[in-house]
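Only one structure is covered here, and it is reproduced in the block below.
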Amino acid sequence: MFRGRSWGWLCPLLLLAALLVLWEAAVRLAGIPRYILPAPSGIGRELWAKAGLLAGHSLVTLGEIALGLAIGLAGGLGLGVLVFSSRPLERAVMPLVVASQAVPVFAAAPLLVLWFGYGPGSKAAMAAIIVFFPIVVNTLEGLKSADPDLVALLEILEADRRQIFFKVRVPQALPYVLAGVRVGAAVSVIGAVIGEWVGAREGLGYLMMQANAQLRTELLFAAIVCLSVMGTGLYWAVGALERILTPWKKRADINKGVKSC
C-alpha cells in the first residue's frame with residue numbers, strides 16, 4: 001500500500017519534471033525571447049525575487065476565493081435541500097439553474113463589479129457563482145441517493161421525515177456534497193481571477209494584467225504558478241476533509257478492494 005501511494009505521488013512529479021526540462025531546452029535551443037515565453041528557470045528566479053509581492057496578492061485572491069466558497073456552499077446547500085423537499089419546485093427551479101451555466105462568466109463580471117464595486121465583494125460573488133452549480137447538483141443527487149430500503153425500514157419504525165433526513169439522507173449525501181465542494185474549490189480560482197481582470201486594485205488577477213501590459217512575462221507566469229498551487233491545494237484540502245468526515249466511505253473502499261482480491 002505504501003509503495004502504491006509513493007508511486008502515486010512520484011509519477012506526476014516525474015512527469016512535471018520531464019515537461020519542465022523539455023520546456024527549458026526548447027526555449028534555450030530555439031532562442032525564444034523571454035518576453036514571449038520565459039524558461040522555467042527564469043520563472044523560478046522571478047518567484048524567488050518577487051516572493052513578497054506574490055504572497056501579498058495571493059492572500060487577497062485567497063480571501064476572495066474563501067468568501068466565494070462560503071457563499072456558494074451556503075446557497076448551494078440551501079437550494080439543493082429546498083428543491084429536494086418539493087418535486088414541483090425542483091421541476092421549476094433546476095432548469096433555470098442549468099440554464100444559468102450557459103451564460104459566459106465574462107458576461108456577468110462587469111455587472112458584478114458595477115453592483116459590488118472594485119473591492120473583494122464582486123470577486124467573491126463571481127467565485128460563488130461558479131461554485132454554486134456543482135454544489136446544488138451534487139446535493140440534490142446525494143439526497144436522492146439514500147437507500148430506499150433503509151428509508152422504508154425507518155418509516156415502518158415510525159420515524160418522522162426529520163429523523164430520516166438527518167439519520168439517513170444527510171450522511172449518504174455527504175460524499176456527494178463534498179465531491180461538489182472539491183470541484184467548486186478548484187474552479188473557484190477562475191471566478192476570482194476573472195473578477196480581478198475586469199476591475200481590481202489588488203490580487204493575482206490584477207498583478208497578471210499589470211505584468212502583461214508591461215511585457216513582464218516571467219512575473220505573469222509566476223502569478224499563474226501561484227494560482228495553480230492555490231487551486232491544487234484547495235482541491236486536496238477538501239479531499240482531506242472528505243476523508244475525515246466520511247470515514248465509512250474509506251472502510252467501504254478497503255472492503256471492496258479486499259473482496260476483489
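In the C-alpha cells, the first chain shown is A, the next is B, and so on; residue numbers restart at 1 for each chain, and ligands run from 1 in the order shown.
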
So which residues touch Ala192 of chain A within 10 Å, counting only C-alpha atoms, skipping near sequence neighbours fewer than 5 positions away, as a CSV table (one decimal) with C-alpha atoms, in the first residue's frame?
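See result.csv below for the written result:
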```
chain,number,residue,atom,x,y,z
A,60,VAL,CA,-6.0,38.9,-1.4
A,61,THR,CA,-7.1,36.4,-4.0
A,62,LEU,CA,-7.3,33.6,-1.5
A,63,GLY,CA,-9.5,35.7,0.7
A,64,GLU,CA,-11.9,36.3,-2.2
A,65,ILE,CA,-12.0,32.6,-3.0
A,66,ALA,CA,-12.7,31.6,0.6
A,68,GLY,CA,-16.9,33.0,-2.5
A,109,ALA,CA,-18.2,40.0,-14.3
A,120,PRO,CA,-13.4,41.8,-2.8
A,121,GLY,CA,-17.2,41.6,-2.9
A,122,SER,CA,-17.5,41.4,-6.7
A,123,LYS,CA,-14.7,38.8,-6.9
A,124,ALA,CA,-16.3,36.7,-4.1
A,125,ALA,CA,-19.6,36.9,-5.9
A,126,MET,CA,-18.0,35.6,-9.2
A,127,ALA,CA,-16.4,32.7,-7.3
A,128,ALA,CA,-19.7,31.9,-5.6
A,130,ILE,CA,-19.0,29.2,-10.3
A,187,VAL,CA,-12.6,26.2,-10.2
A,197,TRP,CA,-9.3,41.1,-14.6
A,203,GLY,CA,-4.9,40.3,-6.3
A,204,LEU,CA,-3.2,37.9,-8.6
A,205,GLY,CA,-5.5,38.6,-11.5
```

Please report, as CSV, each residue of segment 192-225 of chain A lying at most 12 Å from segment 55-58 of chain A, together with the nearest pair of atoms and the separation in Å rounded to one decimal; use only C-alpha atoms, and order rows by chain and ascending residue number.
```
residue,atom,partner,partner_atom,distance
A:Ala192,CA,A:Ser58,CA,11.2
A:Val193,CA,A:Ser58,CA,10.7
A:Glu196,CA,A:His57,CA,11.0
A:Ala200,CA,A:His57,CA,11.2
A:Arg201,CA,A:His57,CA,9.9
A:Glu202,CA,A:His57,CA,6.2
A:Gly203,CA,A:His57,CA,4.2
A:Leu204,CA,A:His57,CA,5.2
A:Gly205,CA,A:His57,CA,8.6
A:Tyr206,CA,A:His57,CA,8.4
A:Leu207,CA,A:His57,CA,7.4
A:Met208,CA,A:His57,CA,10.2
A:Ala222,CA,A:Ala55,CA,11.0
A:Ala223,CA,A:Ser58,CA,8.4
A:Ile224,CA,A:Ser58,CA,10.6
A:Val225,CA,A:Ser58,CA,10.8
```

Expected file: the selected residues, N, CA, C and O atoms, as an mmCIF file, in the first residue's frame:
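What landed in selection.cif:
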```
data_model
loop_
_atom_site.group_PDB
_atom_site.id
_atom_site.type_symbol
_atom_site.label_atom_id
_atom_site.label_comp_id
_atom_site.auth_asym_id
_atom_site.auth_seq_id
_atom_site.Cartn_x
_atom_site.Cartn_y
_atom_site.Cartn_z
ATOM 1 N N ALA A 192 -12.604 34.189 -9.195
ATOM 2 C CA ALA A 192 -11.932 35.307 -8.534
ATOM 3 C C ALA A 192 -11.005 36.045 -9.496
ATOM 4 O O ALA A 192 -10.969 37.286 -9.520
ATOM 5 N N VAL A 193 -10.261 35.303 -10.302
ATOM 6 C CA VAL A 193 -9.307 35.933 -11.220
ATOM 7 C C VAL A 193 -10.035 36.705 -12.320
ATOM 8 O O VAL A 193 -9.614 37.811 -12.687
ATOM 9 N N GLU A 196 -11.046 39.919 -10.984
ATOM 10 C CA GLU A 196 -9.903 40.831 -10.851
ATOM 11 C C GLU A 196 -9.467 41.367 -12.204
ATOM 12 O O GLU A 196 -8.970 42.494 -12.303
ATOM 13 N N ALA A 200 -10.054 45.605 -10.533
ATOM 14 C CA ALA A 200 -9.500 45.351 -9.203
ATOM 15 C C ALA A 200 -8.313 46.273 -8.973
ATOM 16 O O ALA A 200 -7.745 46.843 -9.922
ATOM 17 N N ARG A 201 -7.943 46.400 -7.727
ATOM 18 C CA ARG A 201 -6.766 47.182 -7.356
ATOM 19 C C ARG A 201 -5.670 46.312 -6.757
ATOM 20 O O ARG A 201 -4.568 46.797 -6.493
ATOM 21 N N GLU A 202 -5.989 45.040 -6.518
ATOM 22 C CA GLU A 202 -5.017 44.103 -5.968
ATOM 23 C C GLU A 202 -5.487 42.686 -6.243
ATOM 24 O O GLU A 202 -6.629 42.467 -6.668
ATOM 25 N N GLY A 203 -4.611 41.721 -6.012
ATOM 26 C CA GLY A 203 -4.923 40.323 -6.296
ATOM 27 C C GLY A 203 -4.069 39.802 -7.438
ATOM 28 O O GLY A 203 -3.486 40.568 -8.205
ATOM 29 N N LEU A 204 -3.997 38.480 -7.558
ATOM 30 C CA LEU A 204 -3.153 37.881 -8.601
ATOM 31 C C LEU A 204 -3.654 38.207 -10.003
ATOM 32 O O LEU A 204 -2.856 38.377 -10.925
ATOM 33 N N GLY A 205 -4.981 38.271 -10.188
ATOM 34 C CA GLY A 205 -5.514 38.642 -11.492
ATOM 35 C C GLY A 205 -5.104 40.049 -11.879
ATOM 36 O O GLY A 205 -4.722 40.318 -13.031
ATOM 37 N N TYR A 206 -5.167 40.974 -10.921
ATOM 38 C CA TYR A 206 -4.723 42.352 -11.151
ATOM 39 C C TYR A 206 -3.237 42.372 -11.488
ATOM 40 O O TYR A 206 -2.795 43.070 -12.414
ATOM 41 N N LEU A 207 -2.438 41.608 -10.733
ATOM 42 C CA LEU A 207 -0.996 41.543 -10.985
ATOM 43 C C LEU A 207 -0.710 40.993 -12.375
ATOM 44 O O LEU A 207 0.201 41.480 -13.071
ATOM 45 N N MET A 208 -1.481 39.994 -12.810
ATOM 46 C CA MET A 208 -1.287 39.430 -14.141
ATOM 47 C C MET A 208 -1.562 40.466 -15.229
ATOM 48 O O MET A 208 -0.830 40.545 -16.220
ATOM 49 N N ALA A 222 4.756 33.577 -13.119
ATOM 50 C CA ALA A 222 4.894 33.349 -11.681
ATOM 51 C C ALA A 222 3.531 33.452 -10.989
ATOM 52 O O ALA A 222 3.216 32.655 -10.096
ATOM 53 N N ALA A 223 2.711 34.415 -11.420
ATOM 54 C CA ALA A 223 1.358 34.535 -10.869
ATOM 55 C C ALA A 223 0.515 33.325 -11.231
ATOM 56 O O ALA A 223 -0.281 32.832 -10.418
ATOM 57 N N ILE A 224 0.682 32.814 -12.445
ATOM 58 C CA ILE A 224 -0.055 31.617 -12.869
ATOM 59 C C ILE A 224 0.349 30.415 -12.015
ATOM 60 O O ILE A 224 -0.498 29.593 -11.634
ATOM 61 N N VAL A 225 1.636 30.309 -11.702
ATOM 62 C CA VAL A 225 2.097 29.219 -10.830
ATOM 63 C C VAL A 225 1.430 29.321 -9.466
ATOM 64 O O VAL A 225 0.978 28.313 -8.896
#
```

From a DSSP pass on the backbone, collect the residues of segment 5-246 of chain A flagged as alpha helix (DSSP H) and hand them back as a PyMOL selection string.
chain A and resi 5-30+40-49+51-85+87-100+105-116+120-144+148-156+161-164+170-198+204-213+217-245

Find the residues near Gly44 of chain A: any atom within 9 Å, counting only C-alpha atoms, skip ones fewer than 4 places away on the same chain, and give them as JSON, numbers by chain.
{"A": [39, 40, 48, 49, 218, 222]}

Identify, on the basis of only C-alpha atoms, every residue whose closest approach to Arg216 of chain A does not exceed 12 Å; exclude the query and any residue fewer than 2 positions from it along the same chain; express the result as a short mmCIF file (atom, residue, chain, number, x, y, z; two decimals) with all heavy atoms, in the first residue's frame.
```
data_model
loop_
_atom_site.label_atom_id
_atom_site.label_comp_id
_atom_site.auth_asym_id
_atom_site.auth_seq_id
_atom_site.Cartn_x
_atom_site.Cartn_y
_atom_site.Cartn_z
N PRO A 33 12.64 34.73 -27.13
CA PRO A 33 12.79 35.84 -26.17
C PRO A 33 11.96 35.60 -24.92
O PRO A 33 10.86 35.06 -24.98
CB PRO A 33 12.28 37.06 -26.95
CG PRO A 33 12.38 36.67 -28.39
CD PRO A 33 12.14 35.19 -28.42
N ARG A 34 12.47 36.04 -23.79
CA ARG A 34 11.79 35.75 -22.54
C ARG A 34 10.48 36.51 -22.39
O ARG A 34 9.61 36.08 -21.64
CB ARG A 34 12.69 36.06 -21.35
CG ARG A 34 13.03 37.53 -21.17
CD ARG A 34 13.91 37.71 -19.97
NE ARG A 34 14.14 39.12 -19.67
CZ ARG A 34 14.85 39.56 -18.63
NH1 ARG A 34 15.42 38.68 -17.82
NH2 ARG A 34 15.01 40.84 -18.41
N TYR A 35 10.30 37.62 -23.14
CA TYR A 35 9.03 38.33 -23.06
C TYR A 35 7.93 37.61 -23.85
O TYR A 35 6.75 37.94 -23.73
CB TYR A 35 9.17 39.78 -23.53
CG TYR A 35 9.57 39.94 -24.98
CD1 TYR A 35 8.62 39.92 -26.00
CD2 TYR A 35 10.91 40.13 -25.34
CE1 TYR A 35 8.99 40.08 -27.33
CE2 TYR A 35 11.29 40.28 -26.66
CZ TYR A 35 10.32 40.26 -27.65
OH TYR A 35 10.69 40.41 -28.97
N ILE A 36 8.31 36.63 -24.67
CA ILE A 36 7.33 35.81 -25.39
C ILE A 36 7.06 34.52 -24.61
O ILE A 36 5.91 34.17 -24.32
CB ILE A 36 7.80 35.49 -26.82
CG1 ILE A 36 7.88 36.78 -27.64
CG2 ILE A 36 6.86 34.48 -27.49
CD1 ILE A 36 8.37 36.58 -29.06
N LEU A 37 8.11 33.79 -24.28
CA LEU A 37 7.97 32.56 -23.49
C LEU A 37 9.21 32.40 -22.63
O LEU A 37 10.27 32.00 -23.12
CB LEU A 37 7.79 31.34 -24.40
CG LEU A 37 7.63 30.00 -23.68
CD1 LEU A 37 6.36 29.98 -22.84
CD2 LEU A 37 7.61 28.84 -24.69
N PRO A 38 9.12 32.71 -21.35
CA PRO A 38 10.29 32.56 -20.48
C PRO A 38 10.58 31.10 -20.17
O PRO A 38 9.68 30.25 -20.21
CB PRO A 38 9.88 33.33 -19.22
CG PRO A 38 8.39 33.24 -19.20
CD PRO A 38 7.96 33.24 -20.64
N GLY A 42 13.86 30.97 -15.42
CA GLY A 42 13.57 32.39 -15.26
C GLY A 42 12.33 32.63 -14.42
O GLY A 42 12.28 33.56 -13.59
N ILE A 43 11.31 31.77 -14.60
CA ILE A 43 10.09 31.88 -13.78
C ILE A 43 10.42 31.59 -12.33
O ILE A 43 9.92 32.25 -11.41
CB ILE A 43 9.02 30.92 -14.32
CG1 ILE A 43 8.65 31.28 -15.76
CG2 ILE A 43 7.78 30.96 -13.43
CD1 ILE A 43 7.76 30.26 -16.44
N GLU A 46 12.03 34.54 -10.79
CA GLU A 46 11.05 35.59 -10.55
C GLU A 46 10.20 35.26 -9.32
O GLU A 46 9.86 36.16 -8.54
CB GLU A 46 10.15 35.75 -11.79
CG GLU A 46 9.27 36.99 -11.78
CD GLU A 46 10.04 38.26 -12.03
OE1 GLU A 46 11.26 38.19 -12.35
OE2 GLU A 46 9.44 39.34 -11.90
N LEU A 207 -2.44 41.61 -10.73
CA LEU A 207 -1.00 41.54 -10.98
C LEU A 207 -0.71 40.99 -12.37
O LEU A 207 0.20 41.48 -13.07
CB LEU A 207 -0.34 40.68 -9.91
CG LEU A 207 1.19 40.57 -9.98
CD1 LEU A 207 1.84 41.93 -9.76
CD2 LEU A 207 1.70 39.58 -8.95
N MET A 208 -1.48 39.99 -12.81
CA MET A 208 -1.29 39.43 -14.14
C MET A 208 -1.56 40.47 -15.23
O MET A 208 -0.83 40.55 -16.22
CB MET A 208 -2.20 38.21 -14.32
CG MET A 208 -1.82 37.01 -13.48
SD MET A 208 -3.10 35.73 -13.49
CE MET A 208 -3.03 35.22 -15.20
N MET A 209 -2.61 41.27 -15.06
CA MET A 209 -2.92 42.30 -16.04
C MET A 209 -1.82 43.34 -16.11
O MET A 209 -1.42 43.79 -17.21
CB MET A 209 -4.25 42.96 -15.69
CG MET A 209 -5.45 42.03 -15.76
SD MET A 209 -5.78 41.43 -17.44
CE MET A 209 -6.40 42.93 -18.20
N GLN A 210 -1.29 43.74 -14.95
CA GLN A 210 -0.20 44.71 -14.93
C GLN A 210 1.06 44.14 -15.57
O GLN A 210 1.75 44.83 -16.34
CB GLN A 210 0.08 45.12 -13.47
CG GLN A 210 -1.06 45.86 -12.80
CD GLN A 210 -1.36 47.19 -13.46
OE1 GLN A 210 -0.45 47.97 -13.72
NE2 GLN A 210 -2.62 47.44 -13.74
N ALA A 211 1.37 42.90 -15.26
CA ALA A 211 2.57 42.27 -15.83
C ALA A 211 2.44 42.11 -17.34
O ALA A 211 3.40 42.31 -18.09
CB ALA A 211 2.80 40.91 -15.16
N ASN A 212 1.25 41.76 -17.81
CA ASN A 212 1.03 41.59 -19.24
C ASN A 212 1.18 42.92 -19.98
O ASN A 212 1.77 42.99 -21.07
CB ASN A 212 -0.37 41.01 -19.48
CG ASN A 212 -0.62 40.70 -20.94
OD1 ASN A 212 0.13 39.94 -21.55
ND2 ASN A 212 -1.66 41.28 -21.51
N ALA A 213 0.65 44.01 -19.39
CA ALA A 213 0.75 45.32 -20.03
C ALA A 213 2.19 45.80 -20.11
O ALA A 213 2.56 46.54 -21.04
CB ALA A 213 -0.09 46.33 -19.25
N GLN A 214 3.04 45.38 -19.18
CA GLN A 214 4.44 45.80 -19.15
C GLN A 214 5.38 44.77 -19.78
O GLN A 214 6.60 44.92 -19.68
CB GLN A 214 4.85 46.06 -17.70
CG GLN A 214 4.04 47.15 -17.02
CD GLN A 214 4.26 47.20 -15.52
OE1 GLN A 214 5.20 46.59 -14.99
NE2 GLN A 214 3.41 47.91 -14.80
N GLU A 218 7.67 36.85 -17.27
CA GLU A 218 8.11 35.96 -16.18
C GLU A 218 7.25 36.18 -14.93
O GLU A 218 6.87 35.22 -14.26
CB GLU A 218 9.59 36.21 -15.87
CG GLU A 218 10.51 35.73 -16.99
CD GLU A 218 11.96 36.06 -16.71
OE1 GLU A 218 12.21 36.93 -15.83
OE2 GLU A 218 12.84 35.47 -17.35
N LEU A 219 6.91 37.43 -14.64
CA LEU A 219 6.04 37.71 -13.50
C LEU A 219 4.63 37.19 -13.76
O LEU A 219 3.97 36.69 -12.84
CB LEU A 219 6.01 39.22 -13.22
CG LEU A 219 5.15 39.68 -12.04
CD1 LEU A 219 5.61 39.03 -10.75
CD2 LEU A 219 5.18 41.20 -11.93
N LEU A 220 4.19 37.28 -15.01
CA LEU A 220 2.88 36.75 -15.38
C LEU A 220 2.82 35.24 -15.14
O LEU A 220 1.85 34.73 -14.54
CB LEU A 220 2.59 37.07 -16.85
CG LEU A 220 1.32 36.50 -17.47
CD1 LEU A 220 0.09 37.03 -16.75
CD2 LEU A 220 1.24 36.84 -18.95
N PHE A 221 3.85 34.53 -15.57
CA PHE A 221 3.88 33.08 -15.34
C PHE A 221 4.03 32.75 -13.86
O PHE A 221 3.48 31.75 -13.39
CB PHE A 221 5.04 32.45 -16.13
CG PHE A 221 4.66 32.05 -17.53
CD1 PHE A 221 4.80 32.93 -18.58
CD2 PHE A 221 4.16 30.79 -17.78
CE1 PHE A 221 4.46 32.56 -19.87
CE2 PHE A 221 3.82 30.40 -19.07
CZ PHE A 221 3.96 31.30 -20.11
N ALA A 222 4.76 33.58 -13.12
CA ALA A 222 4.89 33.35 -11.68
C ALA A 222 3.53 33.45 -10.99
O ALA A 222 3.22 32.66 -10.10
CB ALA A 222 5.87 34.36 -11.09
N ALA A 223 2.71 34.41 -11.42
CA ALA A 223 1.36 34.54 -10.87
C ALA A 223 0.52 33.32 -11.23
O ALA A 223 -0.28 32.83 -10.42
CB ALA A 223 0.70 35.82 -11.37
#
```

Residues at most 8 Å from segment 140-147 of chain A, counting only C-alpha atoms, excluding those fewer than 5 positions away in the same chain, as a ChimeraX atom specification?
/A:80-81,83-84,168-170,172-177

Neighbour list for Leu234 of chain A as number ranges by chain, cut-off 12 Å, only C-alpha atoms, skip fewer than 6 positions in-chain:
A: 62, 65-66, 69, 181-189, 227-228, 240-241

Return the single residue from A:Ala26, A:Ile135, A:Ala102, A:Val113 that is closest to Ile71 of chain A, with distances computed using only C-alpha atoms.
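Nearest candidate to Ile71 of chain A out of A:Ala26, A:Ile135, A:Ala102, A:Val113: A:Ile135.
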
Min atom-atom distance to Tyr118 of chain A from the set A:Trp23, A:Val198, A:Leu16, A:Leu215, counting only C-alpha atoms, belongs to A:Val198

What is the atom CA of Asn138 of chain A-atom CA of Leu245 of chain A distance in Å, reported with one decimal?
16.5 Å

Please report the interatomic distance between atom CA of Val136 of chain A and atom CA of Gly233 of chain A in Å with one decimal.
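So the answer is 22.7 Å.
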
Which residues are close to Glu242 of chain A, i.e. within 7 Å by only C-alpha atoms, leaving aside same-chain residues fewer than 4 positions away? Reply as an MDAnalysis selection string.
chainID A and resid 178 238 246

In Å, with one decimal, what is the gap from atom CA of Ile32 of chain A to atom CA of Gly231 of chain A?
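A separation of 29.1 Å between them.
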